[in-house]
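Asks: First the structure, then my questions, so here it is.
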Amino acid sequence: MQQFAALPAEPVQIPAGLDADSPQAVIAWALESFPGRIALACSFGGPTGMAALDMVMEQDSSTPVCYLDTGLLFEQTLELVERAKARYGISPIPIRPALTLAEQGRAFGPQLWATDPDKCCALRKVEPMRKFLSQYDAWMTGLRRDQAGTRADLKVVERDTIFGGIKISPFAGWDERMVWAYVRAHDVPYNSLHDEGFPTLGCTPCTRRVEEGEHARAGRWAGFDKIECGLHARAPGNERVGL
Ligand code: SF4
């Protein structure tokens, strides 16, 4: 299995006091610790990723920014990519699956997301991301502990048990209210569907509007016992290895 290009041989030194309360401080440490060897993953489907993008661009606008272009994104998500390009003067890197939708349909059936979403996510998200991250030692995400039970024990810095490198989540300790306060205060661009009942957005077949009182992630893979695409799920039997 292909892993990150070169895991740091020496232990990663985490400064005392570095905590998710200050995403800017975590980002500054991350950029300094992995110069030229770190990327930001932004889904363009959630406000935390956009706040992360804004903070990273503020500190180093040459940081590579990537997103998973599964071929099934909402047009509003693609439109947000264009707005981010204009706002920050960047060219987000689309990470695309090896198979086109037609090829996947011929190999596994026309709507794999409806029959085996884990397999579909593996083909269209996890494996393409694995290939992309093989160029880097570390990546930054917009994950927060309050987003889902599967993320409740998220560490700010983790040894990534899925991809094998270092995963940094500067917003681990923030909540939804804090993120939106930052987005509003800094006029950060965000996905217009958030104003229409979609707290988070993934692929069109696997995202629905959330009703009042439902959990924010209730609209993802509705009807399946699945709340993660596999990028952030722990490998079976593994604990989160915080650094
Ligand atoms: S979110 Fe749905 S459509 Fe997108 S890769 Fe996963 S299963 Fe497939």
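Ordered as shown in the structure tokens, chains take letters A, B, and onward, while each chain numbers its residues from 1 and ligands are numbered from 1 in the order shown.
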Which residues are near ligand 1 in this structure, taking near to mean any atom at most 8 Å from a ligand atom and counting only C-alpha atoms and all ligand atoms? Format them as a list in words.

Replies: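 The residues near ligand 1 are Thr70, Leu72, Leu73, Leu112, Trp113, Ala114, Asp116, Pro117, Asp118, Lys119, Cys120, Cys121, Ala122, Leu123, Arg124, Lys125, Gly202, Cys203, Thr204, Pro205, Cys206, Thr207, Arg220, Trp221 and Cys229 of chain A.
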
Asks: Just want the 6 Å neighbourhood of region 37-47 of chain A, counted on only C-alpha atoms, with same-chain residues fewer than 5 positions away dropped. Output as a list in words.

Replies: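 Neighbouring residues, sequence-local ones excluded: Pro64, Val65, Cys66, Tyr67, Thr77, Tyr136, Asp137, Ala138, Trp139, Met140, Thr141, Thr200 and Leu201 of chain A.
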
Asks: Please, could you write that set of residues out with C-alpha atoms as a short mmCIF file (atom, residue, chain, number, x, y, z; two decimals), in the first residue's frame?

Replies:
data_model
loop_
_atom_site.label_atom_id
_atom_site.label_comp_id
_atom_site.auth_asym_id
_atom_site.auth_seq_id
_atom_site.Cartn_x
_atom_site.Cartn_y
_atom_site.Cartn_z
CA PRO A 64 -0.97 23.68 -1.94
CA VAL A 65 -4.76 23.43 -1.56
CA CYS A 66 -6.51 20.30 -2.77
CA TYR A 67 -10.08 19.04 -3.03
CA THR A 77 -19.37 23.60 -4.57
CA TYR A 136 3.68 15.11 1.19
CA ASP A 137 4.66 14.43 4.78
CA ALA A 138 1.67 16.15 6.36
CA TRP A 139 -1.77 17.51 5.61
CA MET A 140 -4.15 19.92 7.28
CA THR A 141 -7.89 19.35 7.57
CA THR A 200 -22.17 20.03 5.15
CA LEU A 201 -21.86 18.94 1.55
#

Asks: For region 173-190 of chain A, list every protein, DNA or RNA residue within 10 Å, evaluated using only C-alpha atoms, and leave out those in the same chain fewer than 3 positions away; present the list as a PyMOL selection string.

Replies: chain A and resi 19-23+44-55+76-77+80-81+83-84+87+143-147+152+154-156+169-170+193-195+199+216

Asks: Where in region 69-120 of chain A does DSSP assign strand (DSSP E or B), given as an MDAnalysis selection string?

Replies: chainID A and resid 73 93:95

Asks: For the residues in that selection, give me N, CA and C atoms as a CSV table (one decimal), in the first residue's frame.

Replies:
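Output (result-v9.csv):
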chain,number,residue,atom,x,y,z
A,73,LEU,N,-19.9,16.4,-7.5
A,73,LEU,CA,-20.0,17.5,-6.6
A,73,LEU,C,-21.2,18.4,-7.0
A,93,ILE,N,-6.1,22.2,-6.3
A,93,ILE,CA,-5.7,21.0,-7.1
A,93,ILE,C,-6.9,20.0,-7.0
A,94,PRO,N,-7.5,19.7,-8.1
A,94,PRO,CA,-8.6,18.7,-8.1
A,94,PRO,C,-8.0,17.3,-8.0
A,95,ILE,N,-8.4,16.5,-7.1
A,95,ILE,CA,-7.9,15.2,-7.0
A,95,ILE,C,-9.0,14.3,-7.6

Asks: Restricting the calculation to only C-alpha atoms: of A:Gly36, A:His232, A:Ala25, A:Ile227, which residue gets closest to Glu158 (chain A)?

Replies: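 That would be A:His232, the residue with the smallest distance to Glu158 (chain A).
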
Asks: Find the residue from A:Gly213, A:Arg130, A:Glu196, A:Asn191 that sits nearest to Glu82 (chain A); use only C-alpha atoms when measuring.

Replies: A:Asn191

Asks: Counting only C-alpha atoms, figure out which residue out of A:Gly89, A:Trp29, A:Arg208, A:Gly71 gets nearest to Gly17 (chain A).

Replies: A:Trp29

Asks: When you draw a straight line from CA of Gly165 (chain A) to CA of Gly142 (chain A), how long is it in Å?

Replies: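 Value for the CA of Gly165 (chain A)-CA of Gly142 (chain A) distance: 16.6 Å.
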
Asks: If you run DSSP on the backbone here, which positions in chain A get alpha helix (DSSP H)? Please write them as a PDB file with C-alpha atoms, in the first residue's frame.

Replies:
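Generated output (part_7.pdb):
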ATOM      1  CA  PRO A  23      -5.966  27.475  14.862  1.00  0.00           C
ATOM      2  CA  GLN A  24      -3.683  30.254  13.643  1.00  0.00           C
ATOM      3  CA  ALA A  25      -0.918  29.105  16.007  1.00  0.00           C
ATOM      4  CA  VAL A  26      -1.347  25.484  14.939  1.00  0.00           C
ATOM      5  CA  ILE A  27      -1.216  26.466  11.269  1.00  0.00           C
ATOM      6  CA  ALA A  28       1.901  28.590  11.849  1.00  0.00           C
ATOM      7  CA  TRP A  29       3.595  25.659  13.590  1.00  0.00           C
ATOM      8  CA  ALA A  30       2.523  23.240  10.824  1.00  0.00           C
ATOM      9  CA  LEU A  31       3.788  25.424   7.989  1.00  0.00           C
ATOM     10  CA  GLU A  32       7.086  25.973   9.780  1.00  0.00           C
ATOM     11  CA  SER A  33       7.511  22.297  10.623  1.00  0.00           C
ATOM     12  CA  PRO A  47     -17.438  26.395   6.726  1.00  0.00           C
ATOM     13  CA  THR A  48     -14.491  25.031   8.735  1.00  0.00           C
ATOM     14  CA  GLY A  49     -12.533  24.165   5.623  1.00  0.00           C
ATOM     15  CA  MET A  50     -13.131  27.678   4.337  1.00  0.00           C
ATOM     16  CA  ALA A  51     -11.948  29.218   7.613  1.00  0.00           C
ATOM     17  CA  ALA A  52      -8.868  26.998   7.401  1.00  0.00           C
ATOM     18  CA  LEU A  53      -8.276  28.116   3.825  1.00  0.00           C
ATOM     19  CA  ASP A  54      -8.542  31.770   4.846  1.00  0.00           C
ATOM     20  CA  MET A  55      -6.083  31.363   7.719  1.00  0.00           C
ATOM     21  CA  VAL A  56      -3.585  29.344   5.681  1.00  0.00           C
ATOM     22  CA  MET A  57      -3.688  31.855   2.831  1.00  0.00           C
ATOM     23  CA  GLU A  58      -3.092  34.644   5.328  1.00  0.00           C
ATOM     24  CA  GLN A  59       0.111  32.939   6.462  1.00  0.00           C
ATOM     25  CA  GLU A  75     -22.539  22.947  -8.824  1.00  0.00           C
ATOM     26  CA  GLN A  76     -22.514  25.324  -5.840  1.00  0.00           C
ATOM     27  CA  THR A  77     -19.372  23.598  -4.573  1.00  0.00           C
ATOM     28  CA  LEU A  78     -17.621  24.018  -7.903  1.00  0.00           C
ATOM     29  CA  GLU A  79     -18.766  27.623  -7.975  1.00  0.00           C
ATOM     30  CA  LEU A  80     -17.189  28.142  -4.544  1.00  0.00           C
ATOM     31  CA  VAL A  81     -13.894  26.778  -5.870  1.00  0.00           C
ATOM     32  CA  GLU A  82     -14.029  29.513  -8.498  1.00  0.00           C
ATOM     33  CA  ARG A  83     -14.781  32.185  -5.890  1.00  0.00           C
ATOM     34  CA  ALA A  84     -11.858  30.980  -3.773  1.00  0.00           C
ATOM     35  CA  LYS A  85      -9.578  31.171  -6.813  1.00  0.00           C
ATOM     36  CA  ALA A  86     -10.544  34.787  -7.318  1.00  0.00           C
ATOM     37  CA  ARG A  87     -10.404  35.725  -3.650  1.00  0.00           C
ATOM     38  CA  TYR A  88      -7.018  34.192  -2.840  1.00  0.00           C
ATOM     39  CA  LEU A 101     -18.187   7.497 -13.570  1.00  0.00           C
ATOM     40  CA  ALA A 102     -18.940   5.510 -16.708  1.00  0.00           C
ATOM     41  CA  GLU A 103     -15.989   3.177 -16.117  1.00  0.00           C
ATOM     42  CA  GLN A 104     -17.003   2.694 -12.497  1.00  0.00           C
ATOM     43  CA  GLY A 105     -20.550   1.977 -13.604  1.00  0.00           C
ATOM     44  CA  ARG A 106     -19.410  -0.692 -16.058  1.00  0.00           C
ATOM     45  CA  ALA A 107     -17.164  -2.318 -13.459  1.00  0.00           C
ATOM     46  CA  PHE A 108     -19.370  -2.123 -10.367  1.00  0.00           C
ATOM     47  CA  LEU A 112     -22.407   2.132  -6.653  1.00  0.00           C
ATOM     48  CA  TRP A 113     -23.134   4.796  -4.009  1.00  0.00           C
ATOM     49  CA  ALA A 114     -26.615   3.294  -3.606  1.00  0.00           C
ATOM     50  CA  THR A 115     -25.437  -0.287  -3.206  1.00  0.00           C
ATOM     51  CA  PRO A 117     -21.071   3.497  -0.629  1.00  0.00           C
ATOM     52  CA  ASP A 118     -17.943   2.328   1.197  1.00  0.00           C
ATOM     53  CA  LYS A 119     -16.600   0.877  -2.039  1.00  0.00           C
ATOM     54  CA  CYS A 120     -17.626   3.997  -3.944  1.00  0.00           C
ATOM     55  CA  CYS A 121     -15.875   6.274  -1.413  1.00  0.00           C
ATOM     56  CA  GLU A 127      -7.453   5.920  -2.991  1.00  0.00           C
ATOM     57  CA  PRO A 128      -7.102   9.155  -4.999  1.00  0.00           C
ATOM     58  CA  MET A 129      -6.259  10.998  -1.766  1.00  0.00           C
ATOM     59  CA  ARG A 130      -3.729   8.333  -0.843  1.00  0.00           C
ATOM     60  CA  LYS A 131      -2.001   8.795  -4.182  1.00  0.00           C
ATOM     61  CA  PHE A 132      -2.017  12.588  -3.825  1.00  0.00           C
ATOM     62  CA  LEU A 133      -0.702  12.591  -0.264  1.00  0.00           C
ATOM     63  CA  GLU A 176     -19.762  25.481  14.777  1.00  0.00           C
ATOM     64  CA  ARG A 177     -20.547  28.843  16.365  1.00  0.00           C
ATOM     65  CA  MET A 178     -16.866  29.835  16.550  1.00  0.00           C
ATOM     66  CA  VAL A 179     -16.294  28.879  12.933  1.00  0.00           C
ATOM     67  CA  TRP A 180     -19.255  30.869  11.663  1.00  0.00           C
ATOM     68  CA  ALA A 181     -18.213  33.864  13.775  1.00  0.00           C
ATOM     69  CA  TYR A 182     -14.816  33.783  12.051  1.00  0.00           C
ATOM     70  CA  VAL A 183     -16.345  33.321   8.597  1.00  0.00           C
ATOM     71  CA  ARG A 184     -18.692  36.283   9.096  1.00  0.00           C
ATOM     72  CA  ALA A 185     -16.057  38.521  10.685  1.00  0.00           C
TER      73      ALA A 185
END
